[in-house]
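Structure below is coords.json: JSON, C-alpha atoms and all ligand atoms.
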```json
[["chain", "number", "residue", "atom", "x", "y", "z"],
["A", 173, "MET", "CA", 0.00, 0.00, 0.00],
["A", 174, "ASP", "CA", 1.37, 3.48, -0.92],
["A", 175, "GLN", "CA", 1.98, 5.86, 1.96],
["A", 176, "PRO", "CA", -1.24, 7.92, 2.22],
["A", 177, "SER", "CA", -0.79, 11.66, 1.88],
["A", 178, "PHE", "CA", -2.53, 14.65, 3.36],
["A", 179, "GLN", "CA", -2.70, 18.40, 2.85],
["A", 180, "LEU", "CA", -4.10, 20.89, 5.37],
["A", 181, "THR", "CA", -5.38, 24.39, 4.68],
["A", 182, "ARG", "CA", -6.53, 27.21, 6.90],
["A", 183, "GLY", "CA", -9.57, 29.16, 5.76],
["A", 184, "ASP", "CA", -13.33, 29.34, 5.42],
["A", 185, "ALA", "CA", -14.82, 25.98, 4.42],
["A", 186, "VAL", "CA", -16.84, 27.23, 1.45],
["A", 187, "THR", "CA", -14.02, 29.42, 0.15],
["A", 188, "TRP", "CA", -11.66, 26.44, 0.40],
["A", 189, "LEU", "CA", -14.07, 24.06, -1.36],
["A", 190, "ARG", "CA", -14.29, 26.55, -4.24],
["A", 191, "THR", "CA", -10.55, 26.08, -4.84],
["A", 192, "LEU", "CA", -10.99, 22.32, -5.43],
["A", 193, "PRO", "CA", -11.73, 21.03, -8.93],
["A", 194, "ALA", "CA", -15.19, 19.69, -9.72],
["A", 195, "ALA", "CA", -15.65, 15.91, -9.44],
["A", 196, "SER", "CA", -12.28, 15.41, -7.75],
["A", 197, "VAL", "CA", -13.21, 13.92, -4.35],
["A", 198, "ASP", "CA", -14.32, 10.38, -3.39],
["A", 199, "LEU", "CA", -15.87, 11.08, 0.01],
["A", 200, "VAL", "CA", -16.82, 14.06, 2.21],
["A", 201, "ILE", "CA", -17.26, 13.59, 5.96],
["A", 202, "THR", "CA", -17.69, 16.75, 7.99],
["A", 203, "ASP", "CA", -18.89, 18.21, 11.26],
["A", 204, "PRO", "CA", -19.60, 21.97, 11.10],
["A", 205, "PRO", "CA", -20.07, 24.07, 14.26],
["A", 206, "TYR", "CA", -23.84, 24.48, 14.07],
["A", 207, "GLU", "CA", -25.65, 27.60, 15.25],
["A", 208, "SER", "CA", -27.62, 25.34, 17.64],
["A", 209, "LEU", "CA", -24.39, 25.23, 19.70],
["A", 210, "GLU", "CA", -25.02, 28.83, 20.75],
["A", 211, "LYS", "CA", -28.12, 27.71, 22.63],
["A", 212, "HIS", "CA", -26.23, 24.96, 24.45],
["A", 213, "ARG", "CA", -23.38, 27.34, 25.28],
["A", 214, "ALA", "CA", -25.83, 29.87, 26.69],
["A", 215, "ILE", "CA", -27.22, 27.32, 29.16],
["A", 216, "GLY", "CA", -23.80, 25.79, 29.81],
["A", 217, "THR", "CA", -24.53, 22.26, 28.59],
["A", 218, "THR", "CA", -21.58, 21.94, 26.25],
["A", 219, "THR", "CA", -17.79, 22.02, 26.52],
["A", 220, "ARG", "CA", -15.60, 25.09, 26.03],
["A", 221, "LEU", "CA", -12.48, 25.65, 24.01],
["A", 222, "LYS", "CA", -9.54, 26.39, 26.26],
["A", 223, "HIS", "CA", -8.31, 29.95, 25.85],
["A", 224, "SER", "CA", -4.91, 30.11, 24.21],
["A", 225, "LYS", "CA", -2.59, 32.65, 22.67],
["A", 226, "ALA", "CA", -3.41, 31.19, 19.27],
["A", 227, "SER", "CA", -7.09, 32.01, 19.41],
["A", 228, "SER", "CA", -8.81, 35.23, 20.35],
["A", 229, "ASN", "CA", -12.11, 33.52, 21.19],
["A", 230, "ASP", "CA", -12.97, 31.02, 23.91],
["A", 231, "TRP", "CA", -15.00, 29.14, 21.32],
["A", 232, "PHE", "CA", -14.71, 28.63, 17.61],
["A", 233, "SER", "CA", -17.19, 30.65, 15.59],
["A", 234, "ILE", "CA", -20.38, 28.94, 14.48],
["A", 235, "PHE", "CA", -21.36, 28.23, 10.87],
["A", 236, "PRO", "CA", -24.86, 29.74, 10.42],
["A", 237, "ASN", "CA", -27.65, 27.59, 8.98],
["A", 238, "SER", "CA", -28.18, 30.32, 6.36],
["A", 239, "ARG", "CA", -24.87, 29.25, 4.77],
["A", 240, "PHE", "CA", -25.95, 25.61, 4.22],
["A", 241, "PRO", "CA", -27.05, 26.18, 0.58],
["A", 242, "GLU", "CA", -23.60, 27.42, -0.50],
["A", 243, "LEU", "CA", -21.86, 24.70, 1.54],
["A", 244, "PHE", "CA", -23.94, 21.84, 0.11],
["A", 245, "ALA", "CA", -23.65, 23.19, -3.44],
["A", 246, "GLU", "CA", -19.85, 23.11, -3.13],
["A", 247, "VAL", "CA", -19.76, 19.67, -1.49],
["A", 248, "TYR", "CA", -21.93, 18.36, -4.34],
["A", 249, "ARG", "CA", -19.72, 19.99, -6.98],
["A", 250, "VAL", "CA", -16.39, 18.62, -5.69],
["A", 251, "LEU", "CA", -17.66, 15.06, -5.23],
["A", 252, "LYS", "CA", -17.20, 12.61, -8.10],
["A", 253, "LYS", "CA", -20.23, 10.87, -9.60],
["A", 254, "ASP", "CA", -21.39, 7.90, -7.46],
["A", 255, "THR", "CA", -20.07, 8.95, -4.06],
["A", 256, "HIS", "CA", -21.26, 9.51, -0.49],
["A", 257, "PHE", "CA", -21.45, 12.49, 1.87],
["A", 258, "TYR", "CA", -21.75, 12.13, 5.67],
["A", 259, "LEU", "CA", -22.76, 15.11, 7.80],
["A", 260, "PHE", "CA", -22.41, 14.91, 11.58],
["A", 261, "CYS", "CA", -25.52, 16.68, 12.83],
["A", 262, "ASP", "CA", -27.37, 17.31, 16.06],
["A", 263, "PRO", "CA", -31.02, 16.19, 16.19],
["A", 264, "GLU", "CA", -32.20, 19.83, 15.93],
["A", 265, "THR", "CA", -30.12, 20.89, 12.91],
["A", 266, "MET", "CA", -30.83, 17.76, 10.89],
["A", 267, "PHE", "CA", -34.36, 18.97, 10.10],
["A", 268, "VAL", "CA", -32.84, 22.12, 8.55],
["A", 269, "ALA", "CA", -29.87, 20.47, 6.83],
["A", 270, "LYS", "CA", -31.62, 17.49, 5.22],
["A", 271, "PRO", "CA", -33.98, 19.36, 2.82],
["A", 272, "LEU", "CA", -31.25, 21.85, 1.87],
["A", 273, "ALA", "CA", -28.80, 19.07, 0.97],
["A", 274, "GLU", "CA", -31.54, 17.45, -1.11],
["A", 275, "GLU", "CA", -32.05, 20.77, -2.92],
["A", 276, "ALA", "CA", -28.34, 20.73, -3.76],
["A", 277, "GLY", "CA", -28.87, 17.39, -5.53],
["A", 278, "PHE", "CA", -28.16, 14.74, -2.89],
["A", 279, "LYS", "CA", -30.30, 11.70, -2.19],
["A", 280, "PHE", "CA", -30.88, 11.32, 1.55],
["A", 281, "TRP", "CA", -30.80, 7.74, 2.84],
["A", 282, "LYS", "CA", -31.07, 7.87, 6.64],
["A", 283, "PRO", "CA", -29.49, 9.21, 9.80],
["A", 284, "ILE", "CA", -26.81, 6.91, 11.16],
["A", 285, "ILE", "CA", -26.57, 7.00, 14.95],
["A", 286, "TRP", "CA", -23.32, 7.43, 16.81],
["A", 287, "ASP", "CA", -23.99, 5.88, 20.23],
["A", 288, "LYS", "CA", -21.59, 7.43, 22.74],
["A", 289, "ARG", "CA", -22.32, 4.61, 25.21],
["A", 290, "ASN", "CA", -22.88, 6.94, 28.19],
["A", 291, "ILE", "CA", -24.97, 10.04, 28.83],
["A", 292, "GLY", "CA", -23.70, 13.61, 28.53],
["A", 293, "MET", "CA", -24.69, 16.97, 29.99],
["A", 294, "GLY", "CA", -28.29, 18.24, 29.94],
["A", 295, "TYR", "CA", -31.37, 18.87, 31.99],
["A", 296, "HIS", "CA", -33.95, 16.45, 30.57],
["A", 297, "TYR", "CA", -33.38, 13.37, 28.38],
["A", 298, "ARG", "CA", -29.60, 13.29, 28.61],
["A", 299, "ALA", "CA", -27.78, 13.16, 25.27],
["A", 300, "ARG", "CA", -26.18, 9.83, 24.45],
["A", 301, "TYR", "CA", -26.24, 9.91, 20.65],
["A", 302, "GLU", "CA", -25.45, 12.10, 17.66],
["A", 303, "CYS", "CA", -26.77, 11.78, 14.12],
["A", 304, "ILE", "CA", -24.73, 11.40, 10.96],
["A", 305, "LEU", "CA", -26.81, 12.19, 7.89],
["A", 306, "PHE", "CA", -26.05, 9.78, 5.06],
["A", 307, "PHE", "CA", -26.33, 11.30, 1.55],
["A", 308, "GLU", "CA", -25.51, 9.98, -1.90],
["A", 309, "LYS", "CA", -24.55, 11.62, -5.21],
["A", 310, "GLY", "CA", -25.45, 9.20, -8.02],
["A", 311, "LYS", "CA", -25.32, 5.59, -6.91],
["A", 312, "ARG", "CA", -22.61, 3.85, -4.89],
["A", 313, "LYS", "CA", -22.89, 0.50, -3.15],
["A", 314, "LEU", "CA", -21.66, 0.28, 0.42],
["A", 315, "GLU", "CA", -18.66, -2.04, 0.78],
["A", 316, "ASP", "CA", -20.31, -4.22, 3.46],
["A", 317, "LEU", "CA", -24.09, -4.54, 3.51],
["A", 318, "GLY", "CA", -23.95, -6.21, 6.94],
["A", 319, "VAL", "CA", -22.90, -3.07, 8.87],
["A", 320, "ALA", "CA", -25.51, -1.66, 11.31],
["A", 321, "ASP", "CA", -26.82, 1.92, 11.29],
["A", 322, "ILE", "CA", -25.74, 2.40, 14.92],
["A", 323, "ILE", "CA", -22.01, 2.92, 15.49],
["A", 324, "GLU", "CA", -20.81, 2.55, 19.06],
["A", 325, "ALA", "CA", -17.75, 4.47, 20.26],
["A", 326, "LYS", "CA", -17.04, 6.18, 23.56],
["A", 327, "ARG", "CA", -17.18, 9.99, 23.52],
["A", 328, "ILE", "CA", -13.90, 11.90, 23.95],
["A", 329, "ASN", "CA", -13.75, 13.94, 27.15],
["A", 330, "GLY", "CA", -11.38, 16.87, 27.57],
["A", 331, "GLY", "CA", -10.12, 16.88, 23.98],
["A", 332, "TYR", "CA", -10.64, 19.40, 21.18],
["A", 333, "PRO", "CA", -14.17, 20.91, 21.42],
["A", 334, "ALA", "CA", -16.69, 18.53, 19.82],
["A", 335, "GLU", "CA", -13.88, 16.10, 18.97],
["A", 336, "LYS", "CA", -15.15, 12.86, 17.43],
["A", 337, "PRO", "CA", -13.57, 9.43, 17.93],
["A", 338, "PRO", "CA", -11.78, 8.41, 14.69],
["A", 339, "GLU", "CA", -13.38, 4.94, 15.02],
["A", 340, "VAL", "CA", -16.73, 6.43, 13.92],
["A", 341, "SER", "CA", -15.30, 7.89, 10.70],
["A", 342, "GLU", "CA", -13.35, 4.68, 10.14],
["A", 343, "VAL", "CA", -16.61, 2.78, 9.69],
["A", 344, "LEU", "CA", -17.88, 5.39, 7.20],
["A", 345, "ILE", "CA", -14.62, 5.50, 5.24],
["A", 346, "LYS", "CA", -14.40, 1.72, 4.93],
["A", 347, "GLN", "CA", -18.03, 1.59, 3.79],
["A", 348, "SER", "CA", -17.78, 4.36, 1.18],
["A", 349, "THR", "CA", -14.23, 4.31, -0.25],
["A", 350, "THR", "CA", -11.50, 1.91, -1.29],
["A", 351, "ALA", "CA", -7.76, 2.22, -0.54],
["A", 352, "GLY", "CA", -6.06, 5.13, -2.30],
["A", 353, "GLU", "CA", -9.25, 7.19, -2.69],
["A", 354, "LEU", "CA", -9.53, 10.80, -1.50],
["A", 355, "VAL", "CA", -11.45, 11.83, 1.65],
["A", 356, "ILE", "CA", -11.95, 15.48, 2.61],
["A", 357, "ASP", "CA", -13.20, 17.42, 5.66],
["A", 358, "PRO", "CA", -13.76, 21.21, 5.28],
["A", 359, "PHE", "CA", -14.29, 21.68, 9.11],
["A", 360, "MET", "CA", -11.69, 19.19, 10.32],
["A", 361, "GLY", "CA", -11.09, 20.36, 13.93],
["A", 362, "SER", "CA", -8.64, 17.94, 15.56],
["A", 363, "GLY", "CA", -8.54, 15.84, 12.38],
["A", 364, "SER", "CA", -10.47, 12.74, 13.45],
["A", 365, "VAL", "CA", -11.68, 12.16, 9.86],
["A", 366, "GLY", "CA", -8.15, 12.63, 8.54],
["A", 367, "LEU", "CA", -6.74, 10.20, 11.08],
["A", 368, "ALA", "CA", -9.30, 7.56, 10.09],
["A", 369, "ALA", "CA", -8.45, 8.15, 6.42],
["A", 370, "ILE", "CA", -4.67, 7.89, 6.85],
["A", 371, "ARG", "CA", -4.94, 4.80, 9.11],
["A", 372, "ASN", "CA", -6.92, 3.11, 6.35],
["A", 373, "GLY", "CA", -4.69, 4.05, 3.42],
["A", 374, "ARG", "CA", -6.86, 6.84, 2.01],
["A", 375, "ASP", "CA", -5.52, 10.30, 1.05],
["A", 376, "PHE", "CA", -6.89, 13.29, 2.95],
["A", 377, "LEU", "CA", -7.46, 17.01, 2.39],
["A", 378, "GLY", "CA", -8.48, 18.97, 5.46],
["A", 379, "ASN", "CA", -9.38, 22.56, 6.24],
["A", 380, "ASP", "CA", -10.28, 24.64, 9.28],
["A", 381, "LEU", "CA", -10.43, 28.32, 10.25],
["A", 382, "CYS", "CA", -8.51, 27.73, 13.46],
["A", 383, "VAL", "CA", -4.72, 27.56, 13.54],
["A", 384, "GLU", "CA", -4.77, 25.15, 16.51],
["A", 385, "ALA", "CA", -6.77, 22.68, 14.42],
["A", 386, "ILE", "CA", -4.09, 22.71, 11.73],
["A", 387, "ASP", "CA", -1.29, 22.14, 14.25],
["A", 388, "ILE", "CA", -3.07, 19.34, 16.12],
["A", 389, "THR", "CA", -4.17, 17.56, 12.95],
["A", 390, "LYS", "CA", -0.76, 17.79, 11.32],
["A", 391, "THR", "CA", 0.92, 16.14, 14.32],
["A", 392, "ARG", "CA", -1.68, 13.37, 14.47],
["A", 393, "LEU", "CA", -1.51, 12.58, 10.76],
["A", 394, "LEU", "CA", 2.30, 12.52, 10.69],
["A", 395, "ASP", "CA", 2.31, 10.21, 13.76],
["A", 396, "ALA", "CA", -0.14, 7.91, 11.95],
["A", 397, "GLY", "CA", 2.30, 7.57, 9.05],
["A", 398, "GLY", "CA", 0.77, 10.10, 6.66],
["A", 399, "ARG", "CA", 2.93, 12.06, 4.21],
["A", 400, "ASP", "CA", 2.48, 15.84, 4.26],
["A", 401, "ALA", "CA", 1.97, 16.64, 0.57],
["A", 402, "ALA", "CA", 2.49, 20.34, 1.32],
["A", 403, "ARG", "CA", 5.83, 19.88, 3.11],
["A", 404, "GLY", "CA", 7.68, 23.17, 3.10],
["A", 405, "VAL", "CA", 4.46, 25.22, 3.15],
["A", 406, "LYS", "CA", 3.75, 26.36, 6.70],
["A", 407, "PRO", "CA", -0.02, 26.18, 7.49],
["A", 408, "ASP", "CA", 0.23, 29.56, 9.22],
["A", 409, "SER", "CA", 1.35, 31.09, 5.94],
["A", 410, "ALA", "CA", -1.86, 30.00, 4.20],
["A", 411, "PRO", "CA", -3.85, 32.99, 2.95],
["A", 412, "GLN", "CA", -5.91, 34.75, 5.60],
["A", 413, "LEU", "CA", -9.52, 35.45, 4.76],
["A", 414, "GLY", "CA", -10.20, 38.38, 7.02],
["A", 415, "LEU", "CA", -12.25, 36.29, 9.48],
["A", 416, "THR", "CA", -12.07, 36.60, 13.24],
["A", 417, "LEU", "CA", -10.35, 33.57, 14.78],
["B", 501, "LIG", "C1", -17.33, 20.71, 15.53],
["B", 501, "LIG", "S1", -15.69, 21.18, 15.19],
["B", 501, "LIG", "C2", -15.02, 19.82, 14.29],
["B", 501, "LIG", "C3", -14.54, 18.73, 15.19],
["B", 501, "LIG", "C4", -13.90, 17.57, 14.46],
["B", 501, "LIG", "N1", -14.88, 16.76, 13.77],
["B", 501, "LIG", "C5", -13.05, 16.74, 15.39],
["B", 501, "LIG", "O1", -13.27, 15.51, 15.48],
["B", 501, "LIG", "O2", -12.18, 17.31, 16.05],
["B", 501, "LIG", "C6", -15.93, 22.41, 13.97],
["B", 501, "LIG", "C7", -14.69, 23.09, 13.44],
["B", 501, "LIG", "O3", -15.07, 24.02, 12.44],
["B", 501, "LIG", "C8", -14.18, 25.13, 12.47],
["B", 501, "LIG", "N2", -14.83, 26.26, 11.79],
["B", 501, "LIG", "C9", -15.72, 27.16, 12.27],
["B", 501, "LIG", "N3", -16.16, 27.97, 11.28],
["B", 501, "LIG", "C10", -15.53, 27.55, 10.15],
["B", 501, "LIG", "C11", -15.58, 27.97, 8.78],
["B", 501, "LIG", "N4", -16.38, 28.97, 8.38],
["B", 501, "LIG", "N5", -14.80, 27.32, 7.90],
["B", 501, "LIG", "C12", -13.98, 26.31, 8.29],
["B", 501, "LIG", "N6", -13.89, 25.86, 9.56],
["B", 501, "LIG", "C13", -14.66, 26.47, 10.47],
["B", 501, "LIG", "C14", -13.86, 25.33, 13.93],
["B", 501, "LIG", "O4", -12.61, 25.98, 14.08],
["B", 501, "LIG", "C15", -13.86, 23.88, 14.46],
["B", 501, "LIG", "O5", -12.56, 23.37, 14.48]]
```
How would this structure read if it were set down as structure tokens?
Amino acid sequence: MDQPSFQLTRGDAVTWLRTLPAASVDLVITDPPYESLEKHRAIGTTTRLKHSKASSNDWFSIFPNSRFPELFAEVYRVLKKDTHFYLFCDPETMFVAKPLAEEAGFKFWKPIIWDKRNIGMGYHYRARYECILFFEKGKRKLEDLGVADIIEAKRINGGYPAEKPPEVSEVLIKQSTTAGELVIDPFMGSGSVGLAAIRNGRDFLGNDLCVEAIDITKTRLLDAGGRDAARGVKPDSAPQLGLTL
């Protein structure tokens, strides 16, 4: 198996997607910071980003629901024919995101459930699961038709805000790509999707607004045996887009 490669970029997700050629990507898995987070932050039922010199905010900025149409249009454009798109989504935002992704051209199959195995914060039914919306462009058969629509993996406590266990993305990547194919994540955070891709011999392109995300992901992907395809280009020197970080 060839050494899988990765390339990381710092910028706005939609602006970054616009730089990628049409029909060039085999799989998109992503996890935007939904505006519903604001509500949970306000009542203190979600985790906070540690303050650091590298970021001027205690929390990463949210991606407003009003930007879904431009995001889904770009995700659809960059995907090859006969591919899949997985969108991590809270149970509130999925009712907004699903019809807008369909308008962009995707077929919606079903929400896949990530079962975190134990309950989280909250004041009524305590959250134990998250949804992953499963979309298709064209027609692609899953690699293993015996895999369940509930993926069990323990939540990560004390990591990057909203960090996902790479084991969840590993299931999705194995189901929807073959070795050597290209996986991307426009809101990569700590790079859990990238880690799952590299561990399974897939190439990865990742992007995030936050400089800490680039640093953390780069270290993790190098440690996993990935080859930095942009060696010599410092992530911090990537073009700035005039956004508050
Ligand atoms: C929910 S987190 C992703 C967590 C990731 N799945 C993980 O496992 O670590 C969302 C990420 O989106 C980034 N972000 C916020 N607004 C963005 C934008 N407009 N474009 C790109 N990234 C953005 C944040 O910096 C944050 O790292």
Skipping near chain neighbours, those fewer than 5 positions away, what residues fall within 7 Å of stretch 299-304 of chain A using only C-alpha atoms, listed as a list in words? Tyr258, Leu259, Phe260, Cys261, Asp262, Pro263, Pro283, Ile284, Ile285, Trp286, Asp287, Lys288, Arg289, Asn290, Ile291, Gly292, Met293 and Gly294 of chain A
Go through chain A residue by residue and, counting only C-alpha atoms and all ligand atoms, keep those with an atom at most 7 Å from ligand LIG 501 (chain B); for each kept residue give the shortest atom pair and its distance in Å to one decimal, ordered by chain and increasing number, as JSON lines.
```
{"residue": "A:Gly183", "atom": "CA", "partner": "B:LIG501", "partner_atom": "C12", "distance": 5.8}
{"residue": "A:Asp184", "atom": "CA", "partner": "B:LIG501", "partner_atom": "N5", "distance": 3.5}
{"residue": "A:Ala185", "atom": "CA", "partner": "B:LIG501", "partner_atom": "N5", "distance": 3.7}
{"residue": "A:Val186", "atom": "CA", "partner": "B:LIG501", "partner_atom": "N5", "distance": 6.8}
{"residue": "A:Thr202", "atom": "CA", "partner": "B:LIG501", "partner_atom": "N1", "distance": 6.4}
{"residue": "A:Asp203", "atom": "CA", "partner": "B:LIG501", "partner_atom": "N1", "distance": 4.9}
{"residue": "A:Pro204", "atom": "CA", "partner": "B:LIG501", "partner_atom": "C6", "distance": 4.7}
{"residue": "A:Pro205", "atom": "CA", "partner": "B:LIG501", "partner_atom": "C6", "distance": 4.5}
{"residue": "A:Phe232", "atom": "CA", "partner": "B:LIG501", "partner_atom": "O4", "distance": 4.9}
{"residue": "A:Ser233", "atom": "CA", "partner": "B:LIG501", "partner_atom": "C9", "distance": 5.0}
{"residue": "A:Ile234", "atom": "CA", "partner": "B:LIG501", "partner_atom": "N3", "distance": 5.4}
{"residue": "A:Phe235", "atom": "CA", "partner": "B:LIG501", "partner_atom": "N3", "distance": 5.2}
{"residue": "A:Tyr332", "atom": "CA", "partner": "B:LIG501", "partner_atom": "O2", "distance": 5.7}
{"residue": "A:Pro333", "atom": "CA", "partner": "B:LIG501", "partner_atom": "S1", "distance": 6.4}
{"residue": "A:Ala334", "atom": "CA", "partner": "B:LIG501", "partner_atom": "C1", "distance": 4.9}
{"residue": "A:Glu335", "atom": "CA", "partner": "B:LIG501", "partner_atom": "O2", "distance": 3.6}
{"residue": "A:Lys336", "atom": "CA", "partner": "B:LIG501", "partner_atom": "O1", "distance": 3.8}
{"residue": "A:Pro337", "atom": "CA", "partner": "B:LIG501", "partner_atom": "O1", "distance": 6.6}
{"residue": "A:Pro358", "atom": "CA", "partner": "B:LIG501", "partner_atom": "C12", "distance": 5.9}
{"residue": "A:Phe359", "atom": "CA", "partner": "B:LIG501", "partner_atom": "O3", "distance": 4.1}
{"residue": "A:Met360", "atom": "CA", "partner": "B:LIG501", "partner_atom": "C4", "distance": 5.0}
{"residue": "A:Gly361", "atom": "CA", "partner": "B:LIG501", "partner_atom": "O5", "distance": 3.4}
{"residue": "A:Ser362", "atom": "CA", "partner": "B:LIG501", "partner_atom": "O2", "distance": 3.6}
{"residue": "A:Gly363", "atom": "CA", "partner": "B:LIG501", "partner_atom": "O2", "distance": 5.4}
{"residue": "A:Ser364", "atom": "CA", "partner": "B:LIG501", "partner_atom": "O1", "distance": 4.4}
{"residue": "A:Val365", "atom": "CA", "partner": "B:LIG501", "partner_atom": "O1", "distance": 6.7}
{"residue": "A:Asn379", "atom": "CA", "partner": "B:LIG501", "partner_atom": "C12", "distance": 6.3}
{"residue": "A:Asp380", "atom": "CA", "partner": "B:LIG501", "partner_atom": "N6", "distance": 3.8}
{"residue": "A:Leu381", "atom": "CA", "partner": "B:LIG501", "partner_atom": "N6", "distance": 4.3}
{"residue": "A:Cys382", "atom": "CA", "partner": "B:LIG501", "partner_atom": "O4", "distance": 4.5}
{"residue": "A:Ala385", "atom": "CA", "partner": "B:LIG501", "partner_atom": "O5", "distance": 5.8}
```
Counting only C-alpha atoms, the option among A:Ile370, A:Leu377, A:Ala245, A:Ala320 closest to A:Leu393: A:Ile370
Could you produce a table of the residues of stretch 334-360 of chain A lying within 12 Å of stretch 322-326 of chain A, with the nearest pair of atoms per residue and their separation in Å rounded to one decimal, using all atoms listed in the file, ordered by chain and increasing residue number, as a Markdown table?
```
| residue | atom | partner | partner_atom | distance |
| --- | --- | --- | --- | --- |
| A:Glu335 | CA | A:Lys326 | CA | 11.4 |
| A:Lys336 | CA | A:Ala325 | CA | 9.2 |
| A:Pro337 | CA | A:Ala325 | CA | 6.9 |
| A:Pro338 | CA | A:Ala325 | CA | 9.1 |
| A:Glu339 | CA | A:Ala325 | CA | 6.8 |
| A:Val340 | CA | A:Ile323 | CA | 6.5 |
| A:Ser341 | CA | A:Ile323 | CA | 9.6 |
| A:Glu342 | CA | A:Ile323 | CA | 10.3 |
| A:Val343 | CA | A:Ile323 | CA | 7.9 |
| A:Leu344 | CA | A:Ile323 | CA | 9.6 |
```
One decimal, in Å: what's the spacing between atom CA of A:Ala368 and atom CA of A:Ile345?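 Atom CA of A:Ile345 lies 7.5 Å from atom CA of A:Ala368.
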Could you tell me how far atom CA of A:Ala351 sits from atom CA of A:Asp321, in Å to one decimal place?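 Between these atoms lies a distance of 22.4 Å.
Neighbouring residues of A:Val197 at 6 Å or closer, counting all atoms listed in the file and skipping chain neighbours under 3 positions away, are A:Val250, A:Leu251, A:Lys252, A:Leu354.
Going from atom CA of A:Asp357 over to atom CA of A:Arg298, you cover 28.5 Å.
Between A:Asp254 and the candidates A:Asn329, A:Ser196, A:Thr187, A:Ser238, the tightest atom-to-atom separation, counting all atoms listed in the file, involves A:Ser196.
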Selected residue, from A:Phe307, A:Arg190, A:Tyr297, A:Arg371, that lies nearest to A:Leu272 when counting only C-alpha atoms: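 Under the stated criterion, the closest residue is A:Phe307.
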Which one is closest to A:Ala396: A:Gly378, A:Gly366, A:Lys282, A:Tyr248? Count only C-alpha atoms.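 Checking each candidate against A:Ala396, we get A:Gly366 as the closest.
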Shell around A:Ala401 at 7 Å using all atoms listed in the file, local window under 6 positions removed, as JSON, numbers by chain: {"A": [177, 178, 179]}
